[in-house]
$ cat data20.cif   # mmCIF, C-alpha atoms
data_start
loop_
_atom_site.label_atom_id
_atom_site.label_comp_id
_atom_site.auth_asym_id
_atom_site.auth_seq_id
_atom_site.Cartn_x
_atom_site.Cartn_y
_atom_site.Cartn_z
CA MET S 3 -38.92 -108.04 -89.19
CA THR S 4 -38.32 -111.52 -87.99
CA GLY S 5 -35.66 -114.07 -88.64
CA THR S 6 -38.06 -116.34 -90.50
CA GLN S 7 -38.83 -113.62 -92.98
CA SER S 8 -35.23 -112.93 -93.84
CA SER S 9 -34.37 -116.60 -94.13
CA ARG S 10 -37.32 -117.04 -96.44
CA ALA S 11 -35.91 -114.25 -98.58
CA ARG S 12 -32.59 -116.05 -98.73
CA ASP S 13 -34.25 -119.22 -99.98
CA HIS S 14 -35.20 -117.36 -103.11
CA GLU S 15 -31.65 -116.47 -104.00
CA SER S 16 -31.38 -119.49 -106.27
CA SER S 17 -33.46 -117.66 -108.88
CA ALA S 18 -32.01 -115.01 -111.18
CA THR S 19 -31.77 -112.11 -108.74
CA GLY S 20 -33.63 -113.61 -105.82
CA TYR S 21 -35.98 -110.66 -105.61
CA GLU S 22 -38.46 -111.29 -108.46
CA HIS S 23 -41.17 -112.49 -106.11
CA LEU S 24 -41.14 -109.05 -104.47
CA THR S 25 -41.68 -107.02 -107.63
CA PRO S 26 -45.49 -107.27 -107.77
CA MET S 27 -45.71 -105.83 -104.25
CA PHE S 28 -44.45 -102.44 -105.43
CA ALA S 29 -47.37 -102.15 -107.85
CA GLU S 30 -49.77 -103.38 -105.18
CA MET S 31 -48.44 -100.82 -102.69
CA ALA S 32 -48.58 -97.97 -105.22
CA ALA S 33 -52.23 -98.80 -105.96
CA LEU S 34 -53.29 -98.59 -102.31
CA PRO S 35 -54.53 -95.35 -100.74
CA GLU S 36 -52.01 -93.54 -98.46
CA ASP S 37 -53.75 -94.53 -95.25
CA ASP S 38 -54.33 -98.20 -96.00
CA PRO S 39 -52.80 -100.33 -93.21
CA ARG S 40 -51.79 -102.89 -95.80
CA ARG S 41 -49.21 -100.38 -97.10
CA ALA S 42 -47.13 -100.68 -93.94
CA GLU S 43 -47.21 -104.46 -94.19
CA LEU S 44 -46.08 -104.38 -97.80
CA ARG S 45 -43.39 -101.83 -97.07
CA ASN S 46 -42.11 -103.96 -94.23
CA GLU S 47 -42.07 -107.05 -96.40
CA LEU S 48 -40.30 -105.24 -99.22
CA VAL S 49 -37.61 -103.90 -96.92
CA THR S 50 -37.14 -107.26 -95.21
CA GLY S 51 -37.11 -109.10 -98.50
CA HIS S 52 -34.40 -106.84 -99.90
CA LEU S 53 -32.24 -106.90 -96.78
CA PRO S 54 -29.70 -109.26 -98.34
CA LEU S 55 -29.11 -106.53 -100.93
CA ALA S 56 -28.21 -104.03 -98.20
CA GLU S 57 -25.97 -106.59 -96.52
CA HIS S 58 -24.29 -107.33 -99.81
CA ILE S 59 -23.56 -103.68 -100.50
CA ALA S 60 -22.35 -103.12 -96.94
CA ALA S 61 -19.98 -106.06 -97.34
CA ARG S 62 -18.40 -104.38 -100.36
CA PHE S 63 -17.40 -101.47 -98.14
CA ALA S 64 -16.23 -103.59 -95.23
CA ASN S 65 -12.70 -103.45 -93.83
CA ARG S 66 -12.31 -99.76 -94.46
CA GLY S 67 -12.27 -98.80 -90.83
CA VAL S 68 -16.00 -98.42 -90.26
CA PRO S 69 -17.58 -101.27 -88.29
CA ARG S 70 -19.50 -103.63 -90.52
CA GLU S 71 -22.64 -103.40 -88.42
CA ASP S 72 -22.71 -99.63 -88.95
CA LEU S 73 -22.41 -100.13 -92.68
CA VAL S 74 -25.29 -102.59 -92.67
CA GLN S 75 -27.37 -100.07 -90.76
CA VAL S 76 -26.58 -97.28 -93.17
CA ALA S 77 -27.23 -99.53 -96.15
CA THR S 78 -30.53 -100.63 -94.62
CA LEU S 79 -31.50 -97.03 -94.17
CA GLY S 80 -30.68 -96.44 -97.85
CA LEU S 81 -32.80 -99.44 -98.71
CA ILE S 82 -35.77 -98.10 -96.74
CA ASN S 83 -35.43 -94.79 -98.57
CA ALA S 84 -35.27 -96.61 -101.87
CA VAL S 85 -38.42 -98.62 -101.09
CA ASP S 86 -40.22 -95.42 -100.10
CA ARG S 87 -39.15 -93.44 -103.14
CA PHE S 88 -39.41 -96.11 -105.82
CA GLN S 89 -42.13 -95.50 -108.41
CA PRO S 90 -42.93 -98.71 -110.26
CA ASP S 91 -44.79 -96.85 -113.03
CA ARG S 92 -41.57 -95.19 -114.19
CA GLY S 93 -40.59 -98.35 -116.00
CA THR S 94 -37.29 -99.10 -114.27
CA ASP S 95 -36.90 -102.13 -112.08
CA PHE S 96 -36.34 -101.71 -108.37
CA LEU S 97 -32.81 -103.08 -108.29
CA SER S 98 -31.42 -100.59 -110.83
CA PHE S 99 -32.96 -97.86 -108.71
CA ALA S 100 -32.02 -99.27 -105.29
CA VAL S 101 -28.39 -100.24 -105.83
CA PRO S 102 -27.14 -96.72 -106.60
CA THR S 103 -29.37 -95.28 -103.85
CA VAL S 104 -28.01 -97.64 -101.22
CA MET S 105 -24.43 -97.26 -102.37
CA GLY S 106 -24.83 -93.50 -102.33
CA GLU S 107 -26.01 -93.68 -98.74
CA VAL S 108 -23.01 -95.75 -97.67
CA ARG S 109 -20.59 -93.47 -99.52
CA ARG S 110 -22.16 -90.43 -97.92
CA HIS S 111 -21.70 -92.06 -94.54
CA PHE S 112 -17.99 -92.44 -95.22
CA ARG S 113 -17.75 -88.91 -96.46
CA ASP S 114 -19.46 -86.91 -93.78
CA ALA S 115 -21.81 -88.58 -91.34
CA SER S 116 -19.03 -90.05 -89.29
CA TRP S 117 -17.14 -86.91 -88.32
CA SER S 118 -18.91 -84.00 -86.69
CA MET S 119 -15.94 -81.64 -86.73
CA HIS S 120 -13.46 -81.10 -89.43
CA VAL S 121 -10.66 -83.46 -88.53
CA PRO S 122 -7.61 -83.64 -90.78
CA ARG S 123 -7.46 -86.80 -92.85
CA ARG S 124 -4.22 -87.80 -91.15
CA LEU S 125 -5.96 -87.86 -87.78
CA LYS S 126 -8.96 -89.76 -89.12
CA GLU S 127 -6.66 -92.40 -90.50
CA LEU S 128 -4.69 -92.44 -87.28
CA ASN S 129 -7.90 -92.91 -85.33
CA LEU S 130 -9.07 -95.70 -87.60
CA ALA S 131 -5.70 -97.42 -87.30
CA ILE S 132 -5.89 -97.15 -83.51
CA ASN S 133 -9.41 -98.52 -83.56
CA ALA S 134 -8.36 -101.53 -85.60
CA ALA S 135 -5.27 -102.12 -83.45
CA SER S 136 -7.36 -101.78 -80.32
CA ALA S 137 -9.72 -104.52 -81.48
CA GLU S 138 -6.83 -106.78 -82.37
CA LEU S 139 -4.94 -106.21 -79.11
CA SER S 140 -8.10 -106.66 -77.04
CA GLN S 141 -8.50 -110.10 -78.60
CA ARG S 142 -4.94 -111.03 -77.85
CA LEU S 143 -4.71 -109.56 -74.36
CA GLY S 144 -8.22 -110.36 -73.18
CA ARG S 145 -8.64 -106.76 -72.02
CA ALA S 146 -8.46 -103.27 -73.50
CA PRO S 147 -4.94 -102.17 -74.48
CA THR S 148 -3.17 -99.13 -73.05
CA PRO S 149 -1.96 -96.22 -75.19
CA SER S 150 1.64 -97.43 -74.86
CA GLU S 151 0.69 -100.91 -76.05
CA LEU S 152 -1.09 -99.34 -79.02
CA GLY S 153 1.97 -97.22 -79.74
CA LYS S 154 4.26 -100.23 -79.67
CA HIS S 155 1.93 -102.23 -81.89
CA LEU S 156 1.53 -99.47 -84.48
CA ASP S 157 5.06 -98.16 -84.15
CA LEU S 158 3.80 -94.73 -83.13
CA SER S 159 5.04 -92.32 -80.47
CA PRO S 160 2.86 -91.83 -77.37
CA GLU S 161 1.99 -88.31 -78.58
CA GLN S 162 0.71 -89.71 -81.87
CA VAL S 163 -1.43 -92.26 -80.07
CA TYR S 164 -2.87 -89.54 -77.79
CA GLU S 165 -3.66 -87.42 -80.84
CA GLY S 166 -5.38 -90.30 -82.54
CA LEU S 167 -7.41 -91.18 -79.45
CA GLU S 168 -8.45 -87.56 -78.97
CA ALA S 169 -9.47 -87.29 -82.61
CA GLY S 170 -11.90 -90.10 -81.85
CA ASN S 171 -13.85 -87.75 -79.61
CA ALA S 172 -14.82 -85.72 -82.67
CA TYR S 173 -16.21 -88.81 -84.32
CA HIS S 174 -19.92 -88.60 -84.64
CA SER S 175 -22.08 -91.64 -84.88
CA MET S 176 -25.43 -90.16 -83.97
CA SER S 177 -26.87 -89.87 -87.45
CA LEU S 178 -27.02 -93.57 -88.06
CA ASP S 179 -28.23 -94.41 -84.59
CA GLU S 180 -30.98 -91.88 -84.64
CA ALA S 181 -32.03 -92.26 -88.23
CA LEU S 182 -33.30 -95.74 -87.50
CA SER S 183 -36.35 -95.41 -85.35
CA PRO S 184 -37.05 -98.17 -82.83
CA ASP S 185 -39.82 -99.34 -85.18
CA ALA S 186 -37.36 -99.91 -87.96
CA ASP S 187 -35.09 -101.82 -85.61
CA SER S 188 -33.97 -105.00 -87.22
CA ASP S 189 -31.35 -105.93 -84.66
CA PRO S 190 -32.05 -109.45 -83.42
CA LEU S 191 -29.63 -108.83 -80.53
CA GLY S 192 -32.27 -106.55 -79.12
CA ASP S 193 -34.39 -109.60 -78.45
CA THR S 194 -31.89 -110.94 -75.97
CA LEU S 195 -32.62 -108.07 -73.62
CA GLY S 196 -35.51 -106.68 -71.72
CA GLN S 197 -34.50 -107.84 -68.27
CA THR S 198 -33.43 -104.41 -67.13
CA ASP S 199 -36.25 -104.13 -64.65
CA GLU S 200 -35.37 -106.54 -61.85
CA SER S 201 -31.83 -105.28 -61.56
CA LEU S 202 -33.06 -101.71 -61.58
CA GLU S 203 -35.36 -102.10 -58.63
CA GLY S 204 -33.82 -100.76 -55.49
CA VAL S 205 -32.70 -97.70 -57.33
CA GLU S 206 -34.39 -94.71 -55.76
CA ASN S 207 -35.57 -92.95 -58.90
CA TYR S 208 -36.45 -96.23 -60.53
CA GLU S 209 -39.99 -95.12 -61.33
CA SER S 210 -38.85 -92.03 -63.21
CA LEU S 211 -35.91 -93.86 -64.73
CA ARG S 212 -37.78 -96.82 -66.12
CA PRO S 213 -39.75 -94.97 -68.83
CA LEU S 214 -36.58 -93.15 -69.86
CA ILE S 215 -34.69 -96.40 -70.22
CA GLU S 216 -37.57 -97.98 -72.06
CA ALA S 217 -37.65 -95.07 -74.49
CA LEU S 218 -33.98 -95.57 -75.39
CA PRO S 219 -33.12 -97.01 -78.77
CA GLU S 220 -32.59 -100.75 -78.48
CA ARG S 221 -28.84 -100.71 -78.79
CA GLU S 222 -28.34 -97.88 -76.28
CA ARG S 223 -30.51 -99.72 -73.77
CA GLN S 224 -28.60 -102.89 -74.36
CA ILE S 225 -25.24 -101.20 -73.84
CA LEU S 226 -26.49 -99.48 -70.70
CA THR S 227 -27.74 -102.76 -69.28
CA LEU S 228 -24.62 -104.70 -70.09
CA ARG S 229 -22.38 -102.05 -68.55
CA PHE S 230 -24.28 -101.16 -65.41
CA PHE S 231 -26.29 -104.27 -64.60
CA ARG S 232 -24.19 -107.06 -66.05
CA HIS S 233 -20.90 -105.36 -65.30
CA MET S 234 -19.34 -106.05 -68.66
CA THR S 235 -16.44 -103.83 -69.74
CA GLN S 236 -16.77 -101.59 -72.77
CA THR S 237 -14.42 -103.87 -74.69
CA GLN S 238 -16.53 -106.92 -73.88
CA ILE S 239 -19.67 -105.05 -74.92
CA ALA S 240 -18.00 -103.91 -78.14
CA ASP S 241 -17.09 -107.49 -78.89
CA ARG S 242 -20.57 -108.77 -78.15
CA ILE S 243 -22.41 -106.15 -80.19
CA GLY S 244 -19.87 -105.99 -82.97
CA ILE S 245 -18.95 -102.31 -82.84
CA SER S 246 -15.74 -100.64 -81.67
CA GLN S 247 -14.94 -99.86 -78.04
CA MET S 248 -14.79 -96.16 -78.95
CA HIS S 249 -18.26 -96.41 -80.39
CA VAL S 250 -19.54 -98.07 -77.20
CA SER S 251 -17.91 -95.29 -75.22
CA ARG S 252 -19.60 -92.59 -77.26
CA LEU S 253 -23.01 -94.25 -77.13
CA LEU S 254 -22.77 -94.81 -73.38
CA SER S 255 -21.67 -91.26 -72.76
CA ARG S 256 -24.57 -89.87 -74.74
CA THR S 257 -27.07 -92.24 -73.14
CA LEU S 258 -26.08 -91.23 -69.61
CA GLU S 259 -26.29 -87.58 -70.57
CA ASN S 260 -29.77 -88.06 -72.00
CA LEU S 261 -30.93 -89.99 -68.94
CA ARG S 262 -29.67 -87.22 -66.67
CA LYS S 263 -31.44 -84.60 -68.75
CA GLY S 264 -34.60 -86.70 -68.66
CA LEU S 265 -34.45 -87.10 -64.89
CA LEU S 266 -33.87 -83.37 -64.41
CA THR S 267 -36.86 -82.40 -66.47
CA ASP S 268 -39.09 -84.98 -64.80
CA PRO S 269 -41.69 -82.94 -62.89
CA GLU S 270 -41.96 -85.71 -60.26
CA LEU S 271 -38.46 -85.02 -59.01
CA MET K 9 23.35 -85.83 -69.39
CA ASP K 10 21.52 -82.99 -71.12
CA PRO K 11 18.69 -81.37 -69.20
CA ILE K 12 15.31 -82.57 -70.36
CA ARG K 13 13.41 -79.88 -72.22
CA CYS K 14 9.83 -79.76 -73.29
CA GLY K 15 8.76 -78.54 -76.73
CA GLY K 16 8.59 -74.99 -75.40
CA GLY K 17 12.18 -75.11 -74.19
CA HIS K 18 11.28 -75.12 -70.51
CA ASP K 19 13.24 -77.36 -68.21
CA VAL K 20 11.29 -80.37 -67.11
CA THR K 21 12.55 -81.14 -63.67
CA SER K 22 11.29 -84.66 -63.25
CA THR K 23 10.97 -87.60 -65.60
CA PRO K 24 8.48 -88.58 -66.61
CA ALA K 25 6.67 -85.32 -66.04
CA LEU K 26 4.46 -82.63 -67.38
CA CYS K 27 5.94 -79.32 -68.27
CA LEU K 28 4.40 -76.99 -65.73
CA LYS K 29 4.55 -74.05 -68.09
CA ASP K 30 1.70 -73.69 -70.54
CA CYS K 31 3.32 -75.05 -73.64
CA GLY K 32 1.23 -78.16 -73.72
CA TYR K 33 4.13 -80.54 -73.48
CA SER K 34 3.84 -83.71 -71.53
CA GLY K 35 6.57 -86.20 -71.05
CA ASP K 36 6.20 -89.72 -72.34
CA MET K 37 3.65 -90.44 -69.66
CA PHE K 38 3.32 -89.82 -66.00
CA GLU K 39 2.73 -92.11 -63.11
CA GLY K 40 3.56 -89.67 -60.38
CA THR K 41 6.72 -87.69 -60.01
CA GLU K 42 10.25 -89.00 -59.95
CA ASP K 43 10.47 -89.33 -56.20
CA GLY K 44 7.32 -91.45 -56.24
CA SER K 45 5.04 -88.78 -54.83
CA PRO K 46 1.74 -88.43 -56.69
CA GLU K 47 1.16 -85.90 -59.45
CA GLU K 48 -1.54 -83.39 -58.51
CA ILE K 49 -3.68 -81.56 -61.02
CA GLU K 50 -6.38 -79.14 -60.03
CA LEU K 51 -9.02 -77.39 -62.09
CA ARG K 52 -11.32 -74.62 -60.87
CA ILE K 53 -14.17 -73.92 -63.20
CA ALA K 54 -17.64 -72.34 -63.08
CA ALA K 55 -20.18 -74.88 -61.82
CA VAL K 56 -22.29 -75.00 -64.98
CA LEU K 57 -23.20 -78.07 -67.04
CA THR K 58 -21.78 -76.57 -70.22
CA ASN K 59 -18.31 -76.95 -68.69
CA LEU K 60 -18.62 -80.73 -68.42
CA PRO K 61 -16.85 -81.39 -71.74
CA ILE K 62 -13.76 -79.56 -70.48
CA ILE K 63 -13.68 -81.56 -67.26
CA ARG K 64 -14.20 -84.95 -68.89
CA SER K 65 -11.60 -84.21 -71.55
CA LEU K 66 -9.13 -83.42 -68.81
CA ALA K 67 -10.01 -86.64 -66.99
CA ALA K 68 -9.56 -88.70 -70.15
CA SER K 69 -6.33 -86.94 -71.00
CA ILE K 70 -4.89 -87.59 -67.55
CA ALA K 71 -5.84 -91.28 -67.62
CA MET K 72 -4.51 -91.64 -71.17
CA ARG K 73 -1.18 -90.10 -70.29
CA ALA K 74 -0.96 -92.24 -67.18
CA ASP K 75 -1.24 -95.15 -69.63
CA PHE K 76 -4.43 -96.64 -68.23
CA ASP K 77 -6.10 -99.15 -70.54
CA LEU K 78 -8.78 -97.81 -72.91
CA ASP K 79 -11.67 -99.25 -70.87
CA SER K 80 -10.41 -97.58 -67.71
CA ILE K 81 -9.89 -94.29 -69.54
CA ALA K 82 -13.47 -94.41 -70.82
CA ASP K 83 -14.79 -95.41 -67.38
CA LEU K 84 -13.00 -92.57 -65.60
CA ARG K 85 -14.23 -90.12 -68.21
CA LEU K 86 -17.84 -91.19 -67.68
CA ALA K 87 -17.52 -91.29 -63.89
CA VAL K 88 -15.99 -87.83 -63.66
CA ASP K 89 -18.73 -86.55 -65.93
CA GLU K 90 -21.39 -88.14 -63.73
CA ALA K 91 -19.89 -86.91 -60.44
CA CYS K 92 -19.45 -83.34 -61.67
CA SER K 93 -22.88 -83.25 -63.20
CA THR K 94 -24.39 -84.43 -59.91
CA LEU K 95 -22.64 -81.73 -57.93
CA ILE K 96 -23.28 -78.97 -60.47
CA THR K 97 -27.01 -79.57 -60.23
CA GLN K 98 -26.88 -78.99 -56.46
CA SER K 99 -24.35 -76.16 -56.46
CA ALA K 100 -25.03 -72.69 -55.12
CA PRO K 101 -25.62 -70.08 -57.86
CA ASN K 102 -22.48 -68.65 -59.49
CA SER K 103 -20.24 -71.05 -57.63
CA THR K 104 -16.98 -72.64 -58.64
CA LEU K 105 -16.39 -76.33 -59.05
CA ARG K 106 -13.06 -77.59 -57.81
CA CYS K 107 -11.74 -80.74 -59.45
CA ALA K 108 -8.61 -82.32 -58.06
CA PHE K 109 -6.84 -85.26 -59.68
CA ARG K 110 -4.07 -87.18 -57.99
CA VAL K 111 -2.14 -89.58 -60.17
CA SER K 112 -0.04 -92.16 -58.40
CA ALA K 113 1.58 -95.34 -59.64
CA ASP K 114 -1.43 -97.54 -58.98
CA GLU K 115 -4.47 -95.27 -59.21
CA ILE K 116 -6.03 -91.96 -60.20
CA ARG K 117 -7.96 -90.32 -57.41
CA PHE K 118 -10.45 -87.59 -58.20
CA VAL K 119 -12.17 -85.29 -55.74
CA VAL K 120 -14.78 -82.81 -56.89
CA THR K 121 -16.09 -80.16 -54.52
CA VAL K 122 -18.82 -77.60 -54.83
CA PRO K 123 -20.32 -75.01 -52.45
CA SER K 124 -23.97 -75.66 -51.77
CA THR K 125 -26.78 -74.08 -49.82
CA SER K 126 -27.88 -77.54 -48.74
CA ASP K 127 -26.02 -79.96 -46.51
CA SER K 128 -27.51 -83.05 -48.17
CA LYS K 129 -25.12 -85.36 -49.94
CA PRO K 130 -25.86 -87.10 -53.21
CA SER K 131 -28.09 -90.11 -52.65
CA SER K 132 -26.34 -93.46 -52.73
CA ASP K 133 -29.58 -95.12 -53.89
CA SER K 134 -29.74 -93.18 -57.13
CA PHE K 135 -28.99 -94.47 -60.57
CA GLY K 136 -26.18 -91.92 -60.80
CA TRP K 137 -24.54 -93.53 -57.79
CA ARG K 138 -24.89 -96.93 -59.37
CA VAL K 139 -23.09 -95.51 -62.40
CA LEU K 140 -20.24 -94.20 -60.23
CA THR K 141 -19.77 -97.42 -58.24
CA THR K 142 -19.82 -99.52 -61.41
CA LEU K 143 -17.27 -97.37 -63.17
CA THR K 144 -14.76 -96.84 -60.37
CA ASP K 145 -13.05 -98.83 -57.61
CA HIS K 146 -13.83 -96.42 -54.82
CA THR K 147 -16.66 -93.94 -54.38
CA ALA K 148 -17.36 -91.67 -51.43
CA THR K 149 -19.30 -88.51 -50.71
CA TRP K 150 -19.39 -86.19 -47.74
CA VAL K 151 -20.39 -82.69 -46.73
CA ASP K 152 -18.39 -80.28 -44.59
CA GLY K 153 -18.18 -76.57 -43.96
CA PRO K 154 -15.88 -74.30 -45.95
CA LEU K 155 -12.59 -73.37 -44.38
CA GLY K 156 -10.87 -70.00 -44.23
CA ASP K 157 -11.06 -67.95 -47.41
CA ASP K 158 -13.65 -70.22 -48.97
CA ALA K 159 -16.16 -69.31 -46.28
CA ASP K 160 -19.23 -67.74 -47.78
CA ALA K 161 -22.37 -67.05 -45.82
CA SER K 162 -24.65 -67.68 -48.80
CA SER K 163 -23.40 -71.23 -49.36
CA PRO K 164 -22.30 -72.58 -46.00
CA HIS K 165 -21.68 -76.16 -47.11
CA LEU K 166 -19.13 -77.92 -49.26
CA VAL K 167 -20.25 -81.13 -50.94
CA HIS K 168 -17.59 -83.57 -52.13
CA ILE K 169 -17.50 -86.69 -54.25
CA GLU K 170 -14.36 -88.78 -54.32
CA LEU K 171 -13.59 -91.45 -56.90
CA ALA K 172 -10.62 -93.70 -57.45
CA LYS K 173 -9.81 -95.72 -60.53
CA ARG K 174 -7.08 -98.29 -60.07
CA ARG K 175 -4.69 -99.31 -62.78
CA MET K 176 -5.72 -102.67 -64.17
CA GLU K 177 -3.77 -105.49 -62.67
CA GLY K 178 -1.53 -107.42 -64.97
CA LEU K 179 -0.47 -104.41 -66.98
CA PRO K 180 3.22 -104.17 -67.76
CA GLY K 181 5.22 -101.47 -65.99
#
$ encode --input "data20.cif" --output "structure tokens"
Amino acid sequence: MTGTQSSRARDHESSATGYEHLTPMFAEMAALPEDDPRRAELRNELVTGHLPLAEHIAARFANRGVPREDLVQVATLGLINAVDRFQPDRGTDFLSFAVPTVMGEVRRHFRDASWSMHVPRRLKELNLAINAASAELSQRLGRAPTPSELGKHLDLSPEQVYEGLEAGNAYHSMSLDEALSPDADSDPLGDTLGQTDESLEGVENYESLRPLIEALPERERQILTLRFFRHMTQTQIADRIGISQMHVSRLLSRTLENLRKGLLTDPEL
Amino acid sequence: MDPIRCGGGHDVTSTPALCLKDCGYSGDMFEGTEDGSPEEIELRIAAVLTNLPIIRSLAASIAMRADFDLDSIADLRLAVDEACSTLITQSAPNSTLRCAFRVSADEIRFVVTVPSTSDSKPSSDSFGWRVLTTLTDHTATWVDGPLGDDADASSPHLVHIELAKRRMEGLPG
């Protein structure tokens, strides 16, 4: 999915829904045999063409404590599902099928995908409040805030801040990161990377490490590079990628763990 | 002035301080004890990878309560995880990992020690070492022999990793 494709899709928004030109592709795709390579092309074009729909739905759920980029990802996933499941011969148009599907996906994300353990609602809200305050204070201070600064800002006791921060450790963001395979990656930020290699040389297990790093999902690899080879702080990375510092922390933690596991199981070592 | 009590009703002798009984109370935050000497916290735990979550939670909790900024808390958590995981993979079978934290006004120092059958120290050319040096302000590793009661013929060496994370400059207090 390239930038030119999505901007072309936007040009069509002047018409009634902006998506009419895509409709015939569903019929074309349905008529093709399962293994026709043209199917993948059409599917890709349909998903790309409808991306503004996913962005639009994600925007409706913005500012509820879940980073916007995550919502767009979840909505995009819902869109991909909708494209895959839509049957043009049923007589409904794609939009009336896709909108509830995508919205359902985003709602489900709010409901369960984000927390792996049962965490009382009070703590979830506390954690979200801390997350929001942390982003705001980081902007103002030019660095990550301390728990006492968060407490002062939110008028909370230190114990409450600690509780809220600890609740964040039960937050689970894997589903949305893993659901999108690298092939479905639509993150243009990913294009800015790929220079891991030079800075990695000189590291002893470079040869075993390189394939592991290359196999990482785009965003994980980007975060790893920015932290360990560009020496950016988690807050700076969060700001650059557009997710929360806590989310960066979780992704980084999981990435390092996976790399270690990968190195341990490498028969060369 | 009334004596300071924790939630469990135990006297807390220094402010700010942790209650040393097991009631889970901690004072507002700690940056060492009242007389300025550092706060010491030690954990002994089986040297198995499944214990890593306990160790990193403790590290994060200590840094949080010492009021380090969120980036530093996350960095220390990752670094402690990395250091312990490195040592666990080279520990002697059925051995105990010793994790010692020392919280002073300007830094948290962490030393992890494990008995090992080998006297080789973790490689400073590895990616893991790069992780440690990026995340902390001081990193060191050394090997020595066990002393006194710790002596054990089957694992004659003690491998250590030391890390220090300094409080960010420009923080109030």
$ resolve_selection --input "data20.cif" --expression "the PyMOL selection byres ((chain S) within 10 of (chain K))" --output "compact mmCIF listing (two decimals) with C-alpha atoms, in the frame of the given file"
# COMPACT_ATOMS: atom_id res chain seq x y z
CA SER S 136 -7.36 -101.78 -80.32
CA SER S 140 -8.10 -106.66 -77.04
CA LEU S 143 -4.71 -109.56 -74.36
CA ARG S 145 -8.64 -106.76 -72.02
CA ALA S 146 -8.46 -103.27 -73.50
CA PRO S 147 -4.94 -102.17 -74.48
CA THR S 148 -3.17 -99.13 -73.05
CA PRO S 149 -1.96 -96.22 -75.19
CA SER S 150 1.64 -97.43 -74.86
CA GLU S 151 0.69 -100.91 -76.05
CA LEU S 152 -1.09 -99.34 -79.02
CA SER S 159 5.04 -92.32 -80.47
CA PRO S 160 2.86 -91.83 -77.37
CA GLU S 161 1.99 -88.31 -78.58
CA VAL S 163 -1.43 -92.26 -80.07
CA TYR S 164 -2.87 -89.54 -77.79
CA LEU S 167 -7.41 -91.18 -79.45
CA GLU S 168 -8.45 -87.56 -78.97
CA ASN S 171 -13.85 -87.75 -79.61
CA LEU S 202 -33.06 -101.71 -61.58
CA GLY S 204 -33.82 -100.76 -55.49
CA VAL S 205 -32.70 -97.70 -57.33
CA GLU S 206 -34.39 -94.71 -55.76
CA ASN S 207 -35.57 -92.95 -58.90
CA TYR S 208 -36.45 -96.23 -60.53
CA LEU S 211 -35.91 -93.86 -64.73
CA LEU S 226 -26.49 -99.48 -70.70
CA ARG S 229 -22.38 -102.05 -68.55
CA PHE S 230 -24.28 -101.16 -65.41
CA PHE S 231 -26.29 -104.27 -64.60
CA ARG S 232 -24.19 -107.06 -66.05
CA HIS S 233 -20.90 -105.36 -65.30
CA MET S 234 -19.34 -106.05 -68.66
CA THR S 235 -16.44 -103.83 -69.74
CA GLN S 236 -16.77 -101.59 -72.77
CA THR S 237 -14.42 -103.87 -74.69
CA GLN S 238 -16.53 -106.92 -73.88
CA GLN S 247 -14.94 -99.86 -78.04
CA MET S 248 -14.79 -96.16 -78.95
CA VAL S 250 -19.54 -98.07 -77.20
CA SER S 251 -17.91 -95.29 -75.22
CA ARG S 252 -19.60 -92.59 -77.26
CA LEU S 254 -22.77 -94.81 -73.38
CA SER S 255 -21.67 -91.26 -72.76
CA ARG S 256 -24.57 -89.87 -74.74
CA LEU S 258 -26.08 -91.23 -69.61
CA GLU S 259 -26.29 -87.58 -70.57
CA LEU S 261 -30.93 -89.99 -68.94
CA ARG S 262 -29.67 -87.22 -66.67
CA LEU S 266 -33.87 -83.37 -64.41
$ resolve_selection --input "data20.cif" --expression "the PyMOL selection byres ((chain S and resi 80) around 10)" --output "list in words"
Ala56, Val74, Gln75, Val76, Ala77, Thr78, Leu79, Leu81, Ile82, Asn83, Ala84, Val85, Asp86, Ala100, Val101, Pro102, Thr103, Val104, Met105, Gly106, Glu107 and Val108 of chain S
$ closest_residue --input "data20.cif" --among "K:Leu166, K:Thr121, K:Thr149, K:Leu84" --to "Ala108 in chain K" --atoms "all atoms listed in the file"
K:Thr121
$ axis_aligned_box --input "data20.cif" --around "range 85-94 of chain K" --padding-each-side "6 Å" --output "JSON"
{"center_x": -19.3, "center_y": -87.3, "center_z": -64.1, "size_x": 22.2, "size_y": 20.0, "size_z": 20.3}
$ resolve_selection --input "data20.cif" --expression "the PyMOL selection byres ((chain K and resi 95) around 10)" --output "NGL selection string"
:K and (55-57 or 90-94 or 96-100 or 105 or 120-124 or 129-130 or 167-169)
$ atom_distance --input "data20.cif" --atom1 "CA of Thr50 in chain S" --atom2 "CA of Pro219 in chain S"
19.8 Å
$ atom_distance --input "data20.cif" --atom1 "CA of Gln89 in chain S" --atom2 "CA of Pro26 in chain S"
12.3 Å
$ atom_distance --input "data20.cif" --atom1 "CA of Ile59 in chain S" --atom2 "CA of Gln141 in chain S"
27.3 Å
$ closest_residue --input "data20.cif" --among "K:Asn59, K:Thr125, K:Ser112, K:Asn102" --to "Val151 in chain K" --atoms "all atoms listed in the file"
K:Thr125
$ residues_near_point --input "data20.cif" --point "(-24.4, -106.2, -93.4)" --cutoff "7 Å" --atoms "all atoms listed in the file" --output "list of chain:residue names"
S:Ala56, S:Glu57, S:His58, S:Ala60, S:Ala61, S:Arg70, S:Glu71, S:Leu73, S:Val74
$ closest_residue --input "data20.cif" --among "S:Tyr21, S:Gly166, S:Ile245, S:Leu34" --to "Pro122 in chain S" --atoms "all atoms listed in the file"
S:Gly166
